[in-house]
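Asks: One structure is given below, represented as structure tokens, and several questions about it will come after.
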Amino acid sequence: MIDPAEDLSRAVEATLFAASEPMTVSEIAAYVGIDADVKGALSDLAMRYEGRGINLVERGGRWLFQTAPDLAHILRREREEARKLSRAGIETLAIIAYHEPVSRAEIEAIRGVQISKGTLDVLMEAGWVRPAGRRDVPGRPLTYATTPGFLAHFGLESRRDLPGIEDLKAAGLLDPVDLAFDALEMQGRDAEQLETVDESD
Amino acid sequence: MIDPAEDLSRAVEATLFAASEPMTVSEIAAYVGIDADVKGALSDLAMRYEGRGINLVERGGRWLFQTAPDLAHILRREREEARKLSRAGIETLAIIAYHEPVSRAEIEAIRGVQISKGTLDVLMEAGWVRPAGRRDVPGRPLTYATTPGFLAHFGLESRRDLPGIEDLKAAGLLDPVDLAFDALEMQGRDAEQLETVDESD
Amino acid sequence: MGEQLIIEEFATPADGEPFLLELGSWEGPLDLLLALARSQKVDLREISILALVEQYLDFIANAKALKLEIAADYLVMAAWLAYLKSCLLLPREPHVDPSPEELALRLQLRLERLNAMREAGARLMGRDRLGRDVFARGLPDGLRVIRKAKWDAQIFDLIQAYGHVKARAMPAFHIVARRRVMTLEDAIERVARLVGVAIDWMEIGHFLPETDDPVFRRSALASSFVATLELARQGRLELAQEEAFAPLMVRAA
């Protein structure tokens, strides 16, 4: 550190590195010394960093270090995260699968609950649902349908493989919710203590 | 960019420059390539930056670029340190760093006074201290230890670099009083080294 | 903050300010003892514990004269030191355990350890600290992890969800599971009939029908109890009970 030019170069380097904003030559000089040849030091530094992973660049009279543009791809990393569909999401998907093509208003009528825009977006992002044209009624609402990706994900050859209403009923999947709840409650008790339904009149 | 080693060096350089936190070797590898010789690239880069205004340093197994310490005078910010640590805080931090893992009672035994509520909180909030599991003795007291952030902040490559730790260890000054006392007894050190009754008044 | 300065602060509390204990940097008795020890400018291993104790006790006495609030820690320490001092001054009793020398030595060891940590803390604080002396990059571009959601749902989730939707839409009808009960009318009729036959006091349980069904038995007991109240009101029977929860006795009026 006997070389004053080298000293200045180091100081400018550190100043720009630590700066939270790009800096003008005079802003840099305020740190490293008013009389210093900051411009000279900057062009010297820019040359040193040429071809490195970091470059020293000037943008609108302000200097900053930035990572080399050709390395942008390594500074991003994609990561897949398993996420579970929300209840609204899975219900909406089921309604579309059973009723396609179906408009948003129809989905809401079947669910009995409004759906948010995000719900359909998620299903489309997952690649399971696609827009399927507009219905020829007043307002021309957009309809939605499932995709081949949907069939592939759920292991279905076609939508006809979805269990029908009768199948669902047989599987107990159509039981009204509160009855199903009662059934659960009763399981623990001694059934003999309770009158059964068919004894009533 | 025909040289693969040079490519890797640039990639590691850019990754660490872009990072907002110190990174471990495997974290870097997740960006530049799992099979890459990141360690080799790091020591190569550390050498390249030696004597520059920016240095590549290792802190507790994590790597970061930081400005050279001798440039502190031009970079030191005028504004006050965000929070000045109280003396109780400094002592507690030192005790944890030199004795870790250490329980609250052990800290208090050394300081000769109870630790006030805020002291450990402040150290944990600063990111320098963390709970380090419970000790397997009656009461199962929680112990505390320092963090990688502590090493980074105080410029320590590892706890072995704590100032004077080897001397303190050798002098037994990191041993509890009981142990030190027993050791002295064994050495046959007797009361003659202490002021005796007749030397007083 | 040098130790010398601290001592001065103690010696001359600024214009009646409350005791420096409240400043937070002063915390306890070992602290003060250590400061006093250092003011002797000697190796901690060579200081006179006795002289130290005297200085400490002087300080506490002085603080008391100033009517300052003194933390319990200080007084406990003062009491302990006064004891230690007396032990060191008085002729030694042969089998007192632990000996005053041992206590003094332990105190010295503690002071050495606290002193070591205080010096270590100071050296730590004096290092080139990140954000004060050395700086990390001020404008990190940031590394980005682009999170790609991998949506997970099974076919069963799908059909179960559809079942729920359809079930919600179905008209709900509720069935109350019926239990065997004894109506109040039945109970009045039964109790009235049985009490007419009985001659003396009888416990209410005797009026209940035979059953193995505990639910029905509870219903019968409740109804029969209300029935006895009703019949008593009509003056057709008398009720007696010795104390709360004692058997309820019934007889014809």
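Just remember, in the structure tokens the first chain shown is A, the second B, etc., residues are 1-based per chain, and ligands are 1-based in the order shown.
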Quick one: superpose chain B on chain A on all Cα atoms, same order, and give the RMSD.
Replies: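 C-alpha RMSD after optimal superposition stands at 21.0 Å.
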Asks: Considering only C-alpha atoms, extract the chain C residues located within 8 Å of chain B and return them as a ChimeraX atom specification.
Replies: /C:24-31,46,48-50,73,88-90,101-102,104-106,109-110,112-114,116-118,120-125,127-137,140-143
Asks: Apply DSSP to the structure's backbone, then extract all residues of stretch 44-184 of chain A labelled strand (DSSP E or B) and return them as a ChimeraX atom specification.
Replies: /A:54-59,62-67,76-84,102-103,129-134,142-146
Asks: Among the residues of stretch 7-195 of chain A, find those DSSP assigns to alpha helix (DSSP H) from the backbone and print them as a VMD selection string.
Replies: chain A and resid 7 to 18 25 to 32 38 to 48 87 to 99 104 to 111 117 to 125 148 to 153 165 to 170 177 to 187
Asks: For atom CA of A:Ser9 and atom CA of A:Ala41, determine how far apart the two atoms are, in Å to one decimal place.
Replies: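 That distance, rounded to one decimal, is 5.2 Å.
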